[in-house]
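Student: File name start.tsv; file contents TSV, C-alpha atoms and all ligand atoms; full text below.
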```
chain	number	residue	atom	x	y	z
U	1	MET	CA	0.00	0.00	0.00
U	2	ALA	CA	1.29	3.50	-0.76
U	3	SER	CA	2.17	5.44	2.32
U	4	ASP	CA	2.40	9.12	3.12
U	5	VAL	CA	5.84	8.62	4.55
U	6	SER	CA	7.34	6.82	1.59
U	7	LEU	CA	5.79	8.57	-1.35
U	8	SER	CA	4.19	11.83	-0.38
U	9	MET	CA	3.66	13.06	-3.94
U	10	ALA	CA	1.18	10.30	-4.76
U	11	ALA	CA	-1.58	12.66	-5.89
U	12	SER	CA	0.50	14.24	-8.65
U	13	ARG	CA	2.26	11.09	-9.81
U	14	PRO	CA	1.63	9.76	-13.32
U	15	PRO	CA	0.71	6.10	-13.77
U	16	SER	CA	3.56	3.63	-14.28
U	17	PRO	CA	4.50	3.15	-17.92
U	18	ILE	CA	4.36	-0.57	-17.06
U	19	THR	CA	0.77	-1.83	-16.88
U	20	PRO	CA	-0.44	-4.48	-14.43
U	21	ASP	CA	-0.54	-6.91	-17.41
U	22	ASP	CA	3.09	-6.14	-18.25
U	23	PHE	CA	3.94	-6.72	-14.61
U	24	GLU	CA	2.18	-10.11	-14.61
U	25	LEU	CA	4.65	-11.25	-17.28
U	26	MET	CA	7.58	-9.94	-15.23
U	27	LYS	CA	6.26	-11.91	-12.22
U	28	LYS	CA	5.96	-15.06	-14.34
U	29	THR	CA	9.55	-14.55	-15.49
U	30	ALA	CA	10.72	-14.49	-11.86
U	31	LEU	CA	8.45	-17.44	-10.89
U	32	PHE	CA	6.69	-15.06	-8.51
U	33	ASP	CA	3.21	-16.35	-7.71
U	34	HIS	CA	0.42	-16.16	-5.14
U	35	GLU	CA	2.43	-18.26	-2.67
U	36	ASP	CA	5.19	-15.65	-2.75
U	37	SER	CA	2.66	-12.94	-1.87
U	38	GLN	CA	1.53	-15.09	1.06
U	39	TYR	CA	5.08	-15.60	2.32
U	40	LEU	CA	5.79	-11.88	1.97
U	41	ARG	CA	2.73	-11.21	4.14
U	42	MET	CA	4.01	-13.75	6.66
U	43	SER	CA	7.25	-11.76	6.69
U	44	TYR	CA	5.27	-8.60	7.46
U	45	GLU	CA	4.34	-9.96	10.89
U	46	VAL	CA	7.91	-11.15	11.44
U	47	LEU	CA	9.57	-7.89	10.43
U	48	ALA	CA	7.09	-5.32	11.72
U	49	GLY	CA	8.79	-5.06	15.12
U	50	GLN	CA	12.30	-5.28	13.70
U	51	VAL	CA	12.35	-2.53	11.07
U	52	GLU	CA	14.83	-0.29	12.92
U	53	ALA	CA	17.17	-3.22	13.60
U	54	VAL	CA	17.09	-4.22	9.90
U	55	LEU	CA	17.79	-0.63	8.90
U	56	ASP	CA	20.75	-0.50	11.30
U	57	VAL	CA	22.30	-3.45	9.43
U	58	TRP	CA	21.56	-2.07	5.95
U	59	TYR	CA	22.71	1.45	6.81
U	60	GLY	CA	25.82	-0.08	8.41
U	61	PHE	CA	26.55	-1.85	5.13
U	62	VAL	CA	26.20	1.34	3.07
U	63	ALA	CA	28.16	3.42	5.60
U	64	SER	CA	31.07	0.97	5.55
U	65	HIS	CA	31.44	1.21	1.76
U	66	PRO	CA	32.62	4.67	0.67
U	67	HIS	CA	31.56	4.10	-2.95
U	68	LEU	CA	27.96	3.61	-1.72
U	69	LEU	CA	28.02	6.30	0.96
U	70	ALA	CA	29.11	8.72	-1.78
U	71	SER	CA	25.49	8.84	-2.98
U	72	PHE	CA	24.58	10.54	0.31
U	73	ALA	CA	27.46	13.03	0.16
U	74	ARG	CA	26.88	16.79	0.13
U	75	LYS	CA	28.16	18.54	-2.96
U	76	ARG	CA	29.70	21.41	-0.99
U	77	ASP	CA	32.12	19.36	1.15
U	78	GLY	CA	31.76	15.73	0.05
U	79	GLN	CA	30.64	14.66	3.55
U	80	PRO	CA	27.59	12.42	4.15
U	81	ASP	CA	24.51	14.55	4.83
U	82	PRO	CA	23.00	13.32	8.14
U	83	GLY	CA	19.62	14.96	7.47
U	84	TYR	CA	19.41	13.27	4.06
U	85	LEU	CA	20.37	9.88	5.53
U	86	ALA	CA	17.71	10.27	8.22
U	87	GLY	CA	15.00	11.37	5.76
U	88	VAL	CA	15.67	8.46	3.42
U	89	ARG	CA	15.80	6.06	6.36
U	90	LYS	CA	12.17	6.85	7.28
U	91	ARG	CA	11.01	6.08	3.74
U	92	PHE	CA	13.19	2.97	3.65
U	93	GLY	CA	11.47	1.68	6.79
U	94	GLN	CA	8.06	2.20	5.22
U	95	TRP	CA	9.30	0.49	2.06
U	96	ILE	CA	10.16	-2.65	4.08
U	97	LEU	CA	6.55	-2.81	5.23
U	98	ASP	CA	5.16	-1.98	1.75
U	99	THR	CA	7.29	-4.73	0.19
U	100	ALA	CA	6.09	-7.24	2.76
U	101	ALA	CA	2.44	-6.15	2.43
U	102	ALA	CA	2.71	-7.28	-1.21
U	103	ASN	CA	-0.18	-5.23	-2.59
U	104	TYR	CA	1.47	-4.90	-5.95
U	105	ASP	CA	-1.32	-3.00	-7.72
U	106	ALA	CA	-1.33	-0.07	-10.17
U	107	THR	CA	-0.62	2.46	-7.39
U	108	TRP	CA	2.31	0.41	-6.19
U	109	LEU	CA	3.61	0.16	-9.78
U	110	SER	CA	3.46	3.91	-10.08
U	111	ASN	CA	5.35	4.20	-6.76
U	112	GLN	CA	8.06	1.91	-8.13
U	113	PHE	CA	8.58	4.19	-11.08
U	114	GLU	CA	8.96	7.07	-8.64
U	115	ILE	CA	11.52	5.16	-6.51
U	116	GLY	CA	13.55	4.54	-9.68
U	117	ARG	CA	13.41	8.25	-10.49
U	118	ARG	CA	14.59	9.10	-6.97
U	119	HIS	CA	17.77	7.08	-7.55
U	120	HIS	CA	18.28	8.66	-10.97
U	121	ARG	CA	19.45	12.21	-11.68
U	122	THR	CA	15.92	13.16	-12.79
U	123	GLY	CA	14.47	12.78	-9.28
U	124	LYS	CA	17.29	12.35	-6.76
U	125	ASN	CA	17.58	14.84	-3.85
U	126	GLN	CA	14.18	16.44	-4.52
U	127	THR	CA	12.19	14.76	-1.76
U	128	ASP	CA	14.66	15.82	0.95
U	129	GLN	CA	15.56	19.10	-0.80
U	130	VAL	CA	19.27	18.43	-0.49
U	131	GLU	CA	22.32	19.37	-2.54
U	132	ALA	CA	23.88	15.91	-2.63
U	133	ALA	CA	25.41	13.63	-5.26
U	134	ASP	CA	23.33	13.90	-8.43
U	135	HIS	CA	22.80	10.28	-9.28
U	136	VAL	CA	23.01	6.70	-7.98
U	137	PRO	CA	25.09	4.74	-10.52
U	138	PHE	CA	23.01	2.02	-12.09
U	139	ARG	CA	25.82	-0.55	-11.79
U	140	TYR	CA	25.35	-0.74	-7.99
U	141	LEU	CA	21.58	-1.23	-7.94
U	142	ILE	CA	21.46	-4.87	-8.97
U	143	PRO	CA	24.41	-6.16	-6.88
U	144	LEU	CA	22.94	-4.58	-3.72
U	145	ILE	CA	20.05	-7.05	-3.94
U	146	PHE	CA	22.30	-9.77	-2.55
U	147	PRO	CA	23.46	-8.12	0.70
U	148	ILE	CA	19.97	-6.73	1.36
U	149	THR	CA	18.25	-10.08	1.09
U	150	HIS	CA	21.10	-12.09	2.65
U	151	THR	CA	21.23	-9.92	5.76
U	152	LEU	CA	17.44	-10.04	6.06
U	153	LYS	CA	17.41	-13.81	6.55
U	154	PRO	CA	18.41	-13.85	10.26
U	155	PHE	CA	15.58	-11.39	10.95
U	156	LEU	CA	13.13	-13.64	9.09
U	157	ALA	CA	14.34	-16.59	11.18
U	158	SER	CA	14.22	-14.77	14.51
U	159	LYS	CA	10.59	-15.50	15.42
U	160	GLY	CA	10.86	-19.28	15.43
U	161	HIS	CA	9.33	-20.19	12.06
U	162	PRO	CA	10.41	-23.58	10.68
U	163	PRO	CA	13.42	-23.38	8.32
U	164	GLU	CA	11.35	-24.20	5.22
U	165	GLN	CA	9.05	-21.23	5.92
U	166	VAL	CA	12.04	-18.97	6.53
U	167	ASP	CA	13.48	-20.11	3.18
U	168	LYS	CA	10.21	-19.37	1.41
U	169	MET	CA	9.93	-15.91	2.98
U	170	HIS	CA	13.52	-15.25	1.97
U	171	GLN	CA	12.94	-16.45	-1.60
U	172	ALA	CA	9.85	-14.28	-1.92
U	173	TRP	CA	11.91	-11.27	-0.82
U	174	VAL	CA	14.62	-12.08	-3.38
U	175	LYS	CA	12.02	-12.31	-6.15
U	176	SER	CA	10.30	-9.11	-5.04
U	177	LEU	CA	13.61	-7.23	-5.01
U	178	LEU	CA	14.54	-8.53	-8.46
U	179	LEU	CA	11.17	-7.32	-9.76
U	180	GLN	CA	11.36	-3.96	-8.00
U	181	VAL	CA	14.89	-3.18	-9.13
U	182	ALA	CA	13.88	-4.22	-12.66
U	183	LEU	CA	11.02	-1.68	-12.45
U	184	TRP	CA	13.33	1.00	-11.02
U	185	SER	CA	15.73	0.39	-13.94
U	186	GLN	CA	13.25	1.77	-16.43
U	187	VAL	CA	14.34	5.38	-15.99
U	188	TYR	CA	17.95	4.32	-16.63
U	189	VAL	CA	17.19	2.46	-19.87
U	190	GLN	CA	17.10	4.12	-23.29
U	191	PRO	CA	13.57	4.91	-24.52
U	192	GLY	CA	12.13	1.92	-26.35
U	193	ASP	CA	14.55	-0.58	-24.81
U	194	PHE	CA	12.79	-1.46	-21.55
I	201	LIG	C1	18.61	-3.44	-4.02
I	201	LIG	C2	18.95	-2.20	-4.18
I	201	LIG	C3	18.32	-1.02	-3.49
I	201	LIG	C4	17.20	-0.92	-2.73
I	201	LIG	C5	16.23	-2.03	-2.33
I	201	LIG	C6	17.04	0.46	-2.35
I	201	LIG	C7	15.99	0.98	-1.62
I	201	LIG	C8	15.74	2.33	-1.47
I	201	LIG	C9	14.53	2.89	-0.93
I	201	LIG	C10	13.35	2.09	-0.43
I	201	LIG	C11	14.67	4.24	-0.94
I	201	LIG	C12	13.63	5.27	-0.49
I	201	LIG	C13	12.66	5.51	-1.64
I	201	LIG	C14	11.65	6.60	-1.33
I	201	LIG	O1	11.94	7.78	-1.49
I	201	LIG	O2	10.51	6.25	-0.92
I	201	LIG	C15	15.96	4.53	-1.50
I	201	LIG	C16	16.48	5.77	-1.67
I	201	LIG	C17	17.80	5.99	-1.94
I	201	LIG	N1	18.76	5.04	-2.22
I	201	LIG	FE1	18.39	3.14	-2.61
I	201	LIG	N2	18.07	1.17	-2.87
I	201	LIG	C18	18.89	0.30	-3.54
I	201	LIG	C19	20.07	0.63	-4.16
I	201	LIG	C20	20.78	1.75	-3.89
I	201	LIG	C21	22.18	1.95	-4.16
I	201	LIG	C22	23.13	0.94	-4.82
I	201	LIG	C23	22.48	3.18	-3.73
I	201	LIG	C24	23.83	3.85	-3.81
I	201	LIG	C25	24.60	3.85	-2.87
I	201	LIG	C26	21.27	3.78	-3.18
I	201	LIG	C27	21.16	5.05	-2.67
I	201	LIG	C28	19.96	5.65	-2.37
I	201	LIG	C29	19.80	7.08	-2.18
I	201	LIG	C30	20.89	8.14	-2.25
I	201	LIG	C31	18.44	7.29	-1.92
I	201	LIG	C32	17.74	8.62	-1.71
I	201	LIG	C33	17.19	9.10	-3.05
I	201	LIG	C34	16.48	10.45	-2.95
I	201	LIG	O3	17.17	11.47	-3.07
I	201	LIG	O4	15.25	10.48	-2.76
I	201	LIG	N3	20.26	2.87	-3.29
I	201	LIG	N4	16.59	3.35	-1.80
```
Starting from the coordinates I provided, produce the structure as structure tokens.

Tutor:
Amino acid sequence: MASDVSLSMAASRPPSPITPDDFELMKKTALFDHEDSQYLRMSYEVLAGQVEAVLDVWYGFVASHPHLLASFARKRDGQPDPGYLAGVRKRFGQWILDTAAANYDATWLSNQFEIGRRHHRTGKNQTDQVEAADHVPFRYLIPLIFPITHTLKPFLASKGHPPEQVDKMHQAWVKSLLLQVALWSQVYVQPGDF
């Protein structure tokens, strides 16, 4: 579900250039089905009380890699902008819950297009009104899927679910991230090539 925290410009946002039918074919390509939506929703209950702890791990990962932290650097002195990091962190927390809620409808598709834009020079820095690095390089988007989903697994396992359910929740997260980052890529791809 779209949230005020994560995507406050919802009213003015155009629909996604990808239709729900297009997205169905992307889901089929990733073997994402109804069961994955169910396991994502199971993960909602598991993760709801752990969002800040998950963000501590993910932010720790970004902060410990200067080439990633550079995307949060101020233009004027090259230092990470704490206000920017904090603003994005709030939206990131909501995104965890939106991903797990798995209501991947037309509004959600339109939100994905917006998240892509916010990584790209056409939309970055606008939400937080910061003067930071212009653009998140596309080459880092896809590889970050691994650390994000790998480090999530202990959190998925922490509420005592049997290992096969933890694996299925984890797999559903991997598929969802592959689909989302594919959607976010659209703004980076030459017109007509997506
Ligand atoms: C699997 C890959 C990634 C995921 C799941 C992810 C997730 C997110 C989310 C949920 C947001 C907040 C979106 C919103 O405004 O509602 C965000 C923003 C942001 N991410 Fe990523 N991200 C990924 C890759 C990267 C990479 C590789 C970088 C570069 C270091 C990066 C840097 C940023 C920055 C700078 C913002 C703030 C953009 C703005 O100005 O609004 N992200 N990301």

Student: I'd like the contact shell of U:Trp108 - 12 Å cut-off, only C-alpha atoms, skipping same-chain residues fewer than 2 positions apart - returned as a ChimeraX atom specification.

Tutor: /U:1-3,6-7,10,13-16,18-20,23,95,98-99,101-106,110-115,180,183

Student: List all protein, DNA and RNA residues that have at least one atom no more than 6 Å from any atom of ligand LIG 201 (chain I), counting all atoms listed in the file, and write them as a list in words.

Tutor: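 After applying the 6 Å limit, what remains is Ser6, Leu7, Leu68, Leu69, Ser71, Phe72, Val88, Arg91, Phe92, Trp95, Ile115, Arg118, His119, Lys124, Asn125, Gln126, Thr127, Val136, Tyr140, Leu141, Ile142, Leu144 and Ile145 of chain U.
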
Student: So which residues touch U:Asp81 within 12 Å, counting only C-alpha atoms, skipping near sequence neighbours fewer than 4 positions away, as a PyMOL selection string?

Tutor: chain U and resi 63+69-77+85-88+125+128-133

Student: What is the atom CA of U:Lys168 to atom CA of U:Phe61 distance in Å?

Tutor: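 Distance between the two atoms: 24.2 Å.
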
Student: Please put the answer as JSON: centre and edge lengths, in Å with one decimal, of a box along x, y and z that encloses all listed atoms of stretch 58-71 of chain U plus 5 Å on each side.

Tutor:
```
{"center_x": 27.1, "center_y": 3.4, "center_z": 2.7, "size_x": 21.1, "size_y": 20.9, "size_z": 21.4}
```

Student: Give me the residues within 12 Å of U:Ala53 as a count of residues only, counting all atoms listed in the file and dropping any in the same chain fewer than 5 places off.

Tutor: 13
